[in-house]
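**Student:** The following file, run.cif, comprises mmCIF, C-alpha atoms:
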```cif
data_target
loop_
_atom_site.label_atom_id
_atom_site.label_comp_id
_atom_site.auth_asym_id
_atom_site.auth_seq_id
_atom_site.Cartn_x
_atom_site.Cartn_y
_atom_site.Cartn_z
CA MET C 1486 7.62 -29.85 29.46
CA ARG C 1487 7.92 -29.38 33.22
CA TRP C 1488 6.08 -32.65 33.66
CA ARG C 1489 9.02 -34.48 32.20
CA HIS C 1490 10.82 -34.79 35.55
CA THR C 1491 7.89 -36.77 36.91
CA GLY C 1492 9.18 -39.65 34.85
CA PHE C 1493 6.33 -40.04 32.44
CA ALA C 1494 8.38 -38.87 29.52
CA CYS C 1495 7.09 -41.54 27.21
CA LEU C 1496 3.49 -40.83 28.02
CA ILE C 1497 4.01 -37.09 27.59
CA LEU C 1498 5.75 -37.57 24.27
CA ALA C 1499 2.83 -39.62 23.11
CA LEU C 1500 0.36 -36.95 24.24
CA ALA C 1501 2.37 -33.95 23.02
CA PRO C 1502 0.84 -33.80 19.54
CA ILE C 1503 -2.63 -33.82 21.07
CA ALA C 1504 -1.72 -31.00 23.44
CA ALA C 1505 -0.23 -28.99 20.57
CA ALA C 1506 -3.33 -29.50 18.46
CA THR C 1507 -5.55 -28.31 21.29
CA GLU C 1508 -3.44 -25.22 21.84
CA GLU C 1509 -3.22 -24.45 18.17
CA ALA C 1510 -6.96 -24.47 18.02
CA GLY C 1511 -6.83 -21.46 20.40
CA VAL C 1512 -5.31 -19.13 17.83
CA SER C 1513 -5.54 -19.78 14.13
CA VAL C 1514 -3.71 -18.18 11.24
CA ARG C 1515 -4.98 -17.90 7.71
CA ASP C 1516 -4.12 -16.06 4.48
CA ALA C 1517 -0.44 -16.03 5.46
CA TRP C 1518 1.65 -14.52 2.68
CA VAL C 1519 4.90 -12.71 2.04
CA ARG C 1520 5.24 -10.16 -0.72
CA GLU C 1521 7.92 -11.12 -3.23
CA ALA C 1522 10.78 -8.61 -3.13
CA PRO C 1523 11.92 -6.66 -6.17
CA PRO C 1524 15.46 -7.62 -7.27
CA GLY C 1525 18.17 -6.33 -4.96
CA VAL C 1526 15.78 -5.68 -2.09
CA SER C 1527 16.47 -7.51 1.18
CA MET C 1528 13.57 -6.07 3.17
CA MET C 1529 10.29 -7.94 2.90
CA ALA C 1530 6.94 -8.03 4.67
CA GLY C 1531 4.66 -10.84 5.80
CA TYR C 1532 0.91 -10.63 6.32
CA MET C 1533 -1.82 -12.85 7.76
CA VAL C 1534 -5.09 -12.97 9.61
CA LEU C 1535 -4.85 -14.09 13.25
CA GLN C 1536 -7.92 -15.33 14.98
CA ASN C 1537 -8.15 -15.72 18.71
CA LYS C 1538 -10.76 -18.38 19.37
CA THR C 1539 -10.28 -18.33 23.11
CA SER C 1540 -12.16 -16.21 25.61
CA ARG C 1541 -9.01 -14.53 26.95
CA PRO C 1542 -6.56 -12.16 25.27
CA GLN C 1543 -3.62 -13.71 23.44
CA VAL C 1544 -0.44 -11.72 23.02
CA LEU C 1545 1.90 -12.20 20.07
CA VAL C 1546 5.36 -11.47 21.46
CA ALA C 1547 7.79 -12.66 18.78
CA ALA C 1548 8.18 -14.12 15.33
CA ARG C 1549 11.15 -16.13 14.09
CA SER C 1550 12.16 -17.80 10.89
CA PRO C 1551 15.12 -19.83 9.72
CA GLY C 1552 14.52 -18.20 6.33
CA PHE C 1553 15.54 -14.68 7.39
CA GLU C 1554 18.28 -13.01 9.38
CA THR C 1555 15.78 -10.93 11.33
CA VAL C 1556 12.02 -11.03 11.82
CA MET C 1557 10.28 -8.23 13.70
CA ILE C 1558 6.68 -7.28 14.32
CA HIS C 1559 6.15 -3.86 12.77
CA ARG C 1560 3.32 -1.51 12.18
CA THR C 1561 3.03 1.12 9.49
CA ILE C 1562 1.88 4.31 11.13
CA ALA C 1563 0.99 7.78 9.95
CA LYS C 1564 2.20 10.81 11.86
CA GLU C 1565 2.63 14.44 10.91
CA GLY C 1566 1.60 13.73 7.35
CA MET C 1567 4.21 11.00 6.98
CA THR C 1568 4.04 7.25 6.92
CA GLY C 1569 6.67 5.18 8.62
CA MET C 1570 7.24 1.96 10.49
CA GLU C 1571 7.43 1.37 14.16
CA HIS C 1572 8.44 -1.71 16.04
CA ALA C 1573 5.55 -3.31 17.91
CA PRO C 1574 7.08 -5.27 20.82
CA GLN C 1575 3.84 -7.17 21.25
CA VAL C 1576 0.41 -7.34 19.69
CA GLU C 1577 -2.65 -8.23 21.68
CA LEU C 1578 -5.46 -10.27 20.18
CA LEU C 1579 -8.73 -9.60 21.92
CA PRO C 1580 -10.84 -12.57 23.04
CA LYS C 1581 -12.87 -14.13 20.22
CA ALA C 1582 -11.54 -11.58 17.75
CA SER C 1583 -9.47 -11.42 14.60
CA LEU C 1584 -6.50 -9.21 13.92
CA VAL C 1585 -5.35 -8.55 10.39
CA PHE C 1586 -1.74 -8.05 9.40
CA ALA C 1587 -2.13 -6.26 6.07
CA PRO C 1588 -0.34 -3.75 3.83
CA GLY C 1589 -0.38 -0.33 5.46
CA GLY C 1590 -0.81 -1.73 8.98
CA TYR C 1591 0.69 -4.50 11.07
CA HIS C 1592 3.22 -6.66 9.25
CA LEU C 1593 6.14 -8.95 9.91
CA MET C 1594 9.28 -7.14 8.81
CA LEU C 1595 11.53 -9.76 7.21
CA LEU C 1596 15.13 -8.72 6.78
CA ASN C 1597 17.82 -10.43 4.70
CA PRO C 1598 16.27 -13.64 3.35
CA LYS C 1599 18.75 -16.56 3.43
CA ARG C 1600 17.87 -17.31 -0.19
CA THR C 1601 16.02 -15.37 -2.85
CA LEU C 1602 12.31 -16.02 -2.53
CA HIS C 1603 10.08 -16.07 -5.56
CA ALA C 1604 6.32 -16.05 -6.01
CA GLY C 1605 5.12 -19.61 -5.52
CA ASP C 1606 7.69 -20.41 -2.81
CA ARG C 1607 6.75 -21.07 0.80
CA VAL C 1608 8.61 -19.86 3.84
CA ASP C 1609 8.13 -20.96 7.43
CA ILE C 1610 7.70 -18.41 10.18
CA THR C 1611 7.05 -19.28 13.82
CA LEU C 1612 4.75 -17.08 15.86
CA GLU C 1613 5.27 -17.03 19.62
CA PHE C 1614 2.58 -16.02 22.07
CA ARG C 1615 2.81 -15.13 25.73
CA GLY C 1616 2.24 -18.22 27.83
CA GLY C 1617 4.18 -20.51 25.51
CA LEU C 1618 1.84 -21.00 22.57
CA VAL C 1619 3.93 -21.40 19.43
CA LEU C 1620 2.49 -21.62 15.94
CA ALA C 1621 4.52 -22.73 12.93
CA VAL C 1622 3.01 -21.13 9.86
CA ALA C 1623 3.85 -21.60 6.18
CA TYR C 1624 3.70 -18.28 4.32
CA ALA C 1625 3.06 -18.30 0.59
CA VAL C 1626 5.32 -15.96 -1.36
CA ARG C 1627 3.40 -14.00 -3.94
CA LYS C 1628 3.55 -10.81 -5.93
CA MET B 1349 -54.74 -8.52 -2.72
CA GLU B 1350 -55.48 -6.56 -5.88
CA LYS B 1351 -55.96 -3.37 -3.90
CA VAL B 1352 -52.68 -3.75 -2.13
CA SER B 1353 -50.87 -4.41 -5.34
CA LEU B 1354 -52.50 -1.36 -6.98
CA LYS B 1355 -51.47 0.82 -4.05
CA PHE B 1356 -48.02 -0.65 -4.29
CA SER B 1357 -47.69 0.05 -8.00
CA ILE B 1358 -48.80 3.64 -7.51
CA MET B 1359 -46.19 4.05 -4.81
CA LEU B 1360 -43.55 2.40 -6.95
CA THR B 1361 -44.41 4.62 -9.92
CA ALA B 1362 -44.14 7.70 -7.72
CA VAL B 1363 -40.76 6.61 -6.40
CA VAL B 1364 -39.46 5.84 -9.89
CA LEU B 1365 -40.70 9.20 -11.20
CA ALA B 1366 -39.09 11.04 -8.29
CA ALA B 1367 -35.80 9.21 -8.91
CA MET B 1368 -35.93 10.05 -12.61
CA LEU B 1369 -36.60 13.71 -11.90
CA ALA B 1370 -33.75 13.79 -9.42
CA GLY B 1371 -31.48 12.20 -12.02
CA VAL B 1372 -32.42 14.77 -14.66
CA TRP B 1373 -31.88 17.59 -12.17
CA LEU B 1374 -28.48 16.24 -11.09
CA ALA B 1375 -27.35 15.75 -14.67
CA ALA B 1376 -28.36 19.34 -15.47
CA ALA B 1377 -26.53 20.61 -12.39
CA TYR B 1378 -23.35 18.78 -13.44
CA ARG B 1379 -23.56 20.15 -16.95
CA GLU B 1380 -23.96 23.68 -15.66
CA ASN B 1381 -20.92 23.41 -13.48
CA GLY B 1382 -18.88 22.28 -16.37
CA SER B 1383 -18.10 19.78 -14.52
CA ARG B 1384 -15.54 18.80 -12.10
CA ALA B 1385 -18.44 18.75 -9.65
CA ILE B 1386 -18.98 15.06 -10.31
CA LEU B 1387 -15.56 14.45 -8.83
CA LEU B 1388 -16.32 16.38 -5.64
CA PRO B 1389 -16.31 15.81 -2.76
CA ASP B 1390 -14.19 12.72 -2.69
CA GLN B 1391 -12.13 10.96 -0.05
CA VAL B 1392 -9.90 9.23 -2.59
CA MET B 1393 -8.90 12.14 -4.79
CA THR B 1394 -8.62 15.77 -3.80
CA LEU B 1395 -8.90 17.99 -6.82
CA PHE B 1396 -7.54 21.51 -6.60
CA PRO B 1397 -9.78 24.31 -7.82
CA ALA B 1398 -6.76 26.08 -9.31
CA PRO B 1399 -3.96 23.70 -10.36
CA LYS B 1400 -0.59 24.99 -9.18
CA PRO B 1401 2.22 25.41 -11.73
CA LEU B 1402 5.39 23.69 -10.53
CA ALA B 1403 8.76 25.45 -10.51
CA ALA B 1404 12.06 24.07 -11.79
CA PHE B 1405 13.75 21.07 -10.17
CA ALA B 1406 16.48 18.68 -11.31
CA PHE B 1407 16.69 14.92 -10.76
CA LYS B 1408 18.28 11.99 -12.55
CA ASP B 1409 16.11 9.11 -13.71
CA HIS B 1410 16.83 5.38 -13.54
CA GLU B 1411 18.53 5.52 -16.96
CA ASN B 1412 20.76 8.35 -15.74
CA ARG B 1413 18.93 10.91 -17.87
CA VAL B 1414 18.07 14.36 -16.59
CA PHE B 1415 14.60 14.44 -15.11
CA ASP B 1416 13.47 18.03 -14.76
CA LEU B 1417 10.32 20.12 -15.11
CA SER B 1418 10.25 19.63 -18.89
CA ARG B 1419 9.83 15.87 -18.38
CA LEU B 1420 6.49 16.55 -16.67
CA LYS B 1421 5.12 18.43 -19.67
CA GLY B 1422 2.84 16.80 -22.23
CA LYS B 1423 1.88 13.95 -19.92
CA TRP B 1424 -0.16 13.30 -16.83
CA SER B 1425 2.30 12.24 -14.12
CA PHE B 1426 1.59 10.20 -11.03
CA LEU B 1427 4.32 10.92 -8.47
CA PHE B 1428 5.08 8.88 -5.38
CA PHE B 1429 7.80 9.53 -2.80
CA GLY B 1430 9.44 6.51 -1.16
CA TYR B 1431 12.61 4.45 -0.83
CA THR B 1432 13.57 0.94 -1.92
CA HIS B 1433 14.39 -0.35 1.59
CA CYS B 1434 10.71 0.06 2.41
CA PRO B 1435 9.04 -3.32 3.02
CA ASP B 1436 5.39 -2.40 3.31
CA ILE B 1437 3.94 0.82 1.98
CA CYS B 1438 6.21 1.43 -1.04
CA PRO B 1439 5.87 -1.97 -2.73
CA THR B 1440 2.16 -1.94 -1.90
CA THR B 1441 1.71 1.47 -3.51
CA LEU B 1442 3.81 0.64 -6.57
CA ALA B 1443 1.90 -2.60 -7.12
CA THR B 1444 -1.35 -0.62 -6.86
CA LEU B 1445 -0.07 2.00 -9.32
CA ALA B 1446 0.99 -0.75 -11.74
CA ARG B 1447 -2.58 -2.06 -11.69
CA ALA B 1448 -3.96 1.46 -12.12
CA HIS B 1449 -1.62 1.88 -15.11
CA GLU B 1450 -2.92 -1.37 -16.58
CA ASN B 1451 -6.51 -0.19 -16.16
CA ILE B 1452 -5.76 3.17 -17.77
CA ALA B 1453 -3.98 1.43 -20.66
CA LYS B 1454 -7.15 -0.61 -21.27
CA SER B 1455 -9.36 2.51 -21.33
CA SER B 1456 -10.36 3.96 -24.70
CA ALA B 1457 -7.96 6.90 -24.33
CA GLY B 1458 -5.08 4.57 -23.41
CA ALA B 1459 -2.01 5.36 -21.32
CA LYS B 1460 0.24 7.04 -23.88
CA ASP B 1461 -0.15 10.39 -22.14
CA VAL B 1462 0.47 9.00 -18.65
CA GLN B 1463 3.66 8.35 -16.68
CA PHE B 1464 4.36 7.01 -13.22
CA VAL B 1465 7.35 8.36 -11.31
CA PHE B 1466 8.81 6.88 -8.13
CA ILE B 1467 10.86 9.56 -6.36
CA SER B 1468 13.39 8.08 -3.95
CA VAL B 1469 14.06 10.31 -0.96
CA ASP B 1470 16.98 8.05 -0.02
CA PRO B 1471 19.60 8.87 -2.70
CA ASP B 1472 22.51 7.47 -0.66
CA ARG B 1473 21.15 3.94 -0.83
CA ASP B 1474 19.04 4.21 -3.98
CA THR B 1475 21.56 4.47 -6.78
CA VAL B 1476 20.54 4.72 -10.43
CA GLY B 1477 21.14 0.97 -10.93
CA LYS B 1478 19.14 0.06 -7.86
CA LEU B 1479 16.26 2.31 -8.92
CA ARG B 1480 16.21 0.74 -12.38
CA GLN B 1481 15.91 -2.78 -10.97
CA TYR B 1482 13.31 -1.64 -8.48
CA VAL B 1483 10.83 0.34 -10.54
CA THR B 1484 10.92 -1.87 -13.63
CA TYR B 1485 10.12 -4.88 -11.43
CA PHE B 1486 6.69 -3.36 -10.75
CA ASP B 1487 6.08 -2.04 -14.25
CA THR B 1488 8.51 -1.81 -17.16
CA GLY B 1489 7.10 1.62 -17.94
CA PHE B 1490 7.71 3.13 -14.50
CA LEU B 1491 10.32 5.81 -13.97
CA GLY B 1492 12.55 5.99 -10.91
CA VAL B 1493 14.15 9.32 -10.10
CA THR B 1494 16.19 10.84 -7.30
CA GLY B 1495 18.39 13.82 -6.61
CA ASP B 1496 20.25 15.59 -3.86
CA ASN B 1497 18.50 16.62 -0.69
CA ALA B 1498 18.05 20.22 -1.85
CA GLN B 1499 16.26 19.11 -5.02
CA LEU B 1500 14.18 16.49 -3.23
CA GLY B 1501 13.19 19.06 -0.62
CA ASN B 1502 12.37 21.51 -3.39
CA LEU B 1503 9.85 19.30 -5.21
CA ALA B 1504 8.47 17.82 -1.98
CA ALA B 1505 7.76 21.31 -0.65
CA GLN B 1506 5.99 22.30 -3.88
CA LEU B 1507 3.68 19.30 -3.52
CA GLY B 1508 3.27 19.57 0.24
CA ALA B 1509 5.04 16.25 0.73
CA VAL B 1510 7.29 15.61 3.71
CA TYR B 1511 9.95 13.05 4.42
CA GLN B 1512 12.52 12.34 7.07
CA LEU B 1513 15.48 9.96 7.10
CA ALA B 1514 16.06 8.56 10.58
CA ILE B 1515 19.75 7.91 9.97
CA THR B 1516 21.49 6.42 12.98
CA PRO B 1517 25.27 5.94 12.87
CA GLY B 1518 26.09 2.26 12.40
CA MET B 1519 22.53 1.39 11.49
CA GLU B 1520 22.40 0.00 7.98
CA ASN B 1521 18.64 -0.31 7.77
CA TYR B 1522 17.57 3.09 8.98
CA PRO B 1523 13.89 3.86 8.55
CA VAL B 1524 12.53 6.62 6.38
CA TYR B 1525 9.29 8.48 6.97
CA HIS B 1526 7.52 9.89 3.96
CA THR B 1527 4.17 11.11 2.68
CA ALA B 1528 2.30 8.11 1.31
CA ALA B 1529 -0.01 10.06 -1.00
CA VAL B 1530 0.18 9.92 -4.79
CA PHE B 1531 0.43 13.30 -6.51
CA LEU B 1532 -1.07 13.97 -9.91
CA VAL B 1533 0.60 16.56 -12.13
CA ASP B 1534 -1.19 17.58 -15.33
CA PRO B 1535 0.39 17.86 -18.81
CA ARG B 1536 1.12 21.55 -18.21
CA ALA B 1537 3.28 20.57 -15.23
CA ARG B 1538 0.73 21.84 -12.73
CA TYR B 1539 0.00 20.08 -9.45
CA HIS B 1540 -3.58 19.08 -10.18
CA ALA B 1541 -4.81 16.51 -7.66
CA VAL B 1542 -3.70 14.19 -4.89
CA PHE B 1543 -4.75 10.63 -4.04
CA ALA B 1544 -4.79 9.88 -0.32
CA PRO B 1545 -4.03 6.44 1.12
CA PRO B 1546 -5.33 3.81 1.47
CA LEU B 1547 -5.03 3.59 -2.30
CA ASP B 1548 -6.78 1.19 -4.60
CA ALA B 1549 -6.09 0.75 -8.28
CA GLU B 1550 -9.67 0.99 -9.52
CA GLY B 1551 -10.34 4.04 -7.36
CA ILE B 1552 -7.37 5.80 -8.94
CA SER B 1553 -7.87 4.75 -12.56
CA ARG B 1554 -11.60 5.46 -12.66
CA ARG B 1555 -11.21 8.94 -11.21
CA PHE B 1556 -8.26 9.70 -13.41
CA GLU B 1557 -10.11 8.68 -16.57
CA VAL B 1558 -13.04 10.96 -15.70
CA LEU B 1559 -10.68 13.82 -14.84
CA ARG B 1560 -8.67 13.38 -18.02
CA GLU B 1561 -11.80 13.46 -20.11
CA LEU B 1562 -13.03 16.62 -18.42
CA GLU B 1563 -9.70 18.38 -18.37
CA GLY B 1564 -8.13 16.96 -21.50
CA PRO B 1565 -8.65 19.86 -23.88
CA LYS B 1566 -7.83 22.45 -21.20
CA ALA B 1567 -4.89 20.73 -19.61
CA THR B 1568 -2.80 20.01 -22.68
#
```
Please go through the file and, once you have read it, give me the structure as structure tokens.
**Tutor:**
Amino acid sequence: MRWRHTGFACLILALAPIAAATEEAGVSVRDAWVREAPPGVSMMAGYMVLQNKTSRPQVLVAARSPGFETVMIHRTIAKEGMTGMEHAPQVELLPKASLVFAPGGYHLMLLNPKRTLHAGDRVDITLEFRGGLVLAVAYAVRK
Amino acid sequence: MEKVSLKFSIMLTAVVLAAMLAGVWLAAAYRENGSRAILLPDQVMTLFPAPKPLAAFAFKDHENRVFDLSRLKGKWSFLFFGYTHCPDICPTTLATLARAHENIAKSSAGAKDVQFVFISVDPDRDTVGKLRQYVTYFDTGFLGVTGDNAQLGNLAAQLGAVYQLAITPGMENYPVYHTAAVFLVDPRARYHAVFAPPLDAEGISRRFEVLRELEGPKAT
């Protein structure tokens, strides 16, 4: 984006998809899903497997979605015999390693969906990494 | 070649014989112990040597009926503490328990003598109507119960469960911390075993079916 002022806007626009594709190849996301909420429940969770294909750490710093009022990175933790959630301000992916967001561990806490989501629906969530990498991911809603 | 293969078959025969002898010995040992021993030791289910009789408590269920100690008698009860505003561990556990229930229902002894009870530790937000919608979503046979803090504390303490509501003024979605284990109460209303997370449906149903078979005549 900062190249724009050099005046090669057209060229950059033409190259942008290529740049995005290259960057996206750095971190991949698979098995992205959101658990369908029971009726009357406005608190949901999203899960996925993140894979850092690069040889340097990648840090997930935020997640956003037009489908929910709030999206936060959370982790289910156990302490003093109890299980609870804590907010994880950032999650580091080690070089050439996978990180699993799964029930009982890391998850995206999804609060107040804009519309009721049912199994079979898809919902878009954007993952933002330190350094500007942004991944738009479609999460499958399932039971 | 023939020599090697002869040597090999002798070795194989010896190994098979040893394995058979070990099997016979183990089977005999289990029979002698009568035998909860086959369920011990186990990381999934902790079985208590002396099941602990539970004392009186009083909740309301999701149909607004009284849910007290008498409702635990005559059935095996799986109890889980949680709250409906819980995005991760509660729905995960209830979905797992629904699958365990399905497995048990398919077993030869069936699931007529089994009930699953979700105990909400968040009675302010989890009204009877809300509990009904919530538990029946996972399994139409599930029960949802709750009560006042004294009663919740009472049953939790008897089972060694703990919970804590992190209520912050002005915060609508306060978090709740709670024990994530599943407690098994036998048909005589005694705390009999506990399943520790991470839970899986087959792990629970298989162990339960063995336990029920062993304990059936004694526990009812």
**Student:** Select, as an mmCIF file with C-alpha atoms, in the coordinates of the input, those residues of chain C with any atom no more than 12 Å from chain B (distances computed using all atoms listed in the file).
**Tutor:**
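Full text of result37.cif as output:
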```
data_model
loop_
_atom_site.group_PDB
_atom_site.id
_atom_site.type_symbol
_atom_site.label_atom_id
_atom_site.label_comp_id
_atom_site.auth_asym_id
_atom_site.auth_seq_id
_atom_site.Cartn_x
_atom_site.Cartn_y
_atom_site.Cartn_z
ATOM 1 C CA VAL C 1519 4.900 -12.710 2.040
ATOM 2 C CA ARG C 1520 5.240 -10.160 -0.720
ATOM 3 C CA GLU C 1521 7.920 -11.120 -3.230
ATOM 4 C CA ALA C 1522 10.780 -8.610 -3.130
ATOM 5 C CA PRO C 1523 11.920 -6.660 -6.170
ATOM 6 C CA PRO C 1524 15.460 -7.620 -7.270
ATOM 7 C CA GLY C 1525 18.170 -6.330 -4.960
ATOM 8 C CA VAL C 1526 15.780 -5.680 -2.090
ATOM 9 C CA SER C 1527 16.470 -7.510 1.180
ATOM 10 C CA MET C 1528 13.570 -6.070 3.170
ATOM 11 C CA MET C 1529 10.290 -7.940 2.900
ATOM 12 C CA ALA C 1530 6.940 -8.030 4.670
ATOM 13 C CA GLY C 1531 4.660 -10.840 5.800
ATOM 14 C CA TYR C 1532 0.910 -10.630 6.320
ATOM 15 C CA THR C 1555 15.780 -10.930 11.330
ATOM 16 C CA MET C 1557 10.280 -8.230 13.700
ATOM 17 C CA HIS C 1559 6.150 -3.860 12.770
ATOM 18 C CA ARG C 1560 3.320 -1.510 12.180
ATOM 19 C CA THR C 1561 3.030 1.120 9.490
ATOM 20 C CA ILE C 1562 1.880 4.310 11.130
ATOM 21 C CA ALA C 1563 0.990 7.780 9.950
ATOM 22 C CA LYS C 1564 2.200 10.810 11.860
ATOM 23 C CA GLU C 1565 2.630 14.440 10.910
ATOM 24 C CA GLY C 1566 1.600 13.730 7.350
ATOM 25 C CA MET C 1567 4.210 11.000 6.980
ATOM 26 C CA THR C 1568 4.040 7.250 6.920
ATOM 27 C CA GLY C 1569 6.670 5.180 8.620
ATOM 28 C CA MET C 1570 7.240 1.960 10.490
ATOM 29 C CA GLU C 1571 7.430 1.370 14.160
ATOM 30 C CA HIS C 1572 8.440 -1.710 16.040
ATOM 31 C CA PHE C 1586 -1.740 -8.050 9.400
ATOM 32 C CA ALA C 1587 -2.130 -6.260 6.070
ATOM 33 C CA PRO C 1588 -0.340 -3.750 3.830
ATOM 34 C CA GLY C 1589 -0.380 -0.330 5.460
ATOM 35 C CA GLY C 1590 -0.810 -1.730 8.980
ATOM 36 C CA TYR C 1591 0.690 -4.500 11.070
ATOM 37 C CA HIS C 1592 3.220 -6.660 9.250
ATOM 38 C CA LEU C 1593 6.140 -8.950 9.910
ATOM 39 C CA MET C 1594 9.280 -7.140 8.810
ATOM 40 C CA LEU C 1595 11.530 -9.760 7.210
ATOM 41 C CA LEU C 1596 15.130 -8.720 6.780
ATOM 42 C CA ASN C 1597 17.820 -10.430 4.700
ATOM 43 C CA ARG C 1627 3.400 -14.000 -3.940
ATOM 44 C CA LYS C 1628 3.550 -10.810 -5.930
#
```
**Student:** Suppose you want the space between CA of Leu1559 (chain B) and CA of Thr1494 (chain B); what is it in Å?
**Tutor:** 28.1 Å
**Student:** List the residues selected by the PyMOL selection byres ((chain C and resi 1517) around 10) in the file shown, writing them as a list in words.
**Tutor:** Val1514, Arg1515, Asp1516, Trp1518, Val1519, Gly1531, Tyr1532, Met1533, Val1534, Leu1535, Phe1586, Ala1587, Arg1607, Val1608, Ile1610, Val1622, Ala1623, Tyr1624, Ala1625 and Val1626 of chain C
**Student:** Work out how far CA of Asp1390 (chain B) is from CA of Gly1492 (chain B), in Å to one decimal.
**Tutor:**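 Value for the CA of Gly1492 (chain B)-CA of Asp1390 (chain B) distance: 28.8 Å.
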**Student:** In Å, rounded to a single decimal, give me how far CA of Gly1422 (chain B) is from CA of Ala1459 (chain B).
**Tutor:**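 CA of Gly1422 (chain B) lies at a distance of 12.5 Å from CA of Ala1459 (chain B).
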**Student:** Using the chain letters and numbers from this file, what does the PyMOL selection byres ((chain C and resi 1613) around 8) select? Give the answer as a PyMOL selection string.
**Tutor:** chain C and resi 1545-1548+1611-1612+1614-1615+1617-1620
**Student:** Residues of the last selection are to be written out with C-alpha atoms, as a PDB file, in the frame of the given file.
**Tutor:**
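Wrote part_27.pdb, looks like this:
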```pdb
ATOM      1  CA  LEU C1545       1.900 -12.200  20.070  1.00  0.00           C
ATOM      2  CA  VAL C1546       5.360 -11.470  21.460  1.00  0.00           C
ATOM      3  CA  ALA C1547       7.790 -12.660  18.780  1.00  0.00           C
ATOM      4  CA  ALA C1548       8.180 -14.120  15.330  1.00  0.00           C
ATOM      5  CA  THR C1611       7.050 -19.280  13.820  1.00  0.00           C
ATOM      6  CA  LEU C1612       4.750 -17.080  15.860  1.00  0.00           C
ATOM      7  CA  PHE C1614       2.580 -16.020  22.070  1.00  0.00           C
ATOM      8  CA  ARG C1615       2.810 -15.130  25.730  1.00  0.00           C
ATOM      9  CA  GLY C1617       4.180 -20.510  25.510  1.00  0.00           C
ATOM     10  CA  LEU C1618       1.840 -21.000  22.570  1.00  0.00           C
ATOM     11  CA  VAL C1619       3.930 -21.400  19.430  1.00  0.00           C
ATOM     12  CA  LEU C1620       2.490 -21.620  15.940  1.00  0.00           C
TER      13      LEU C1620
END
```
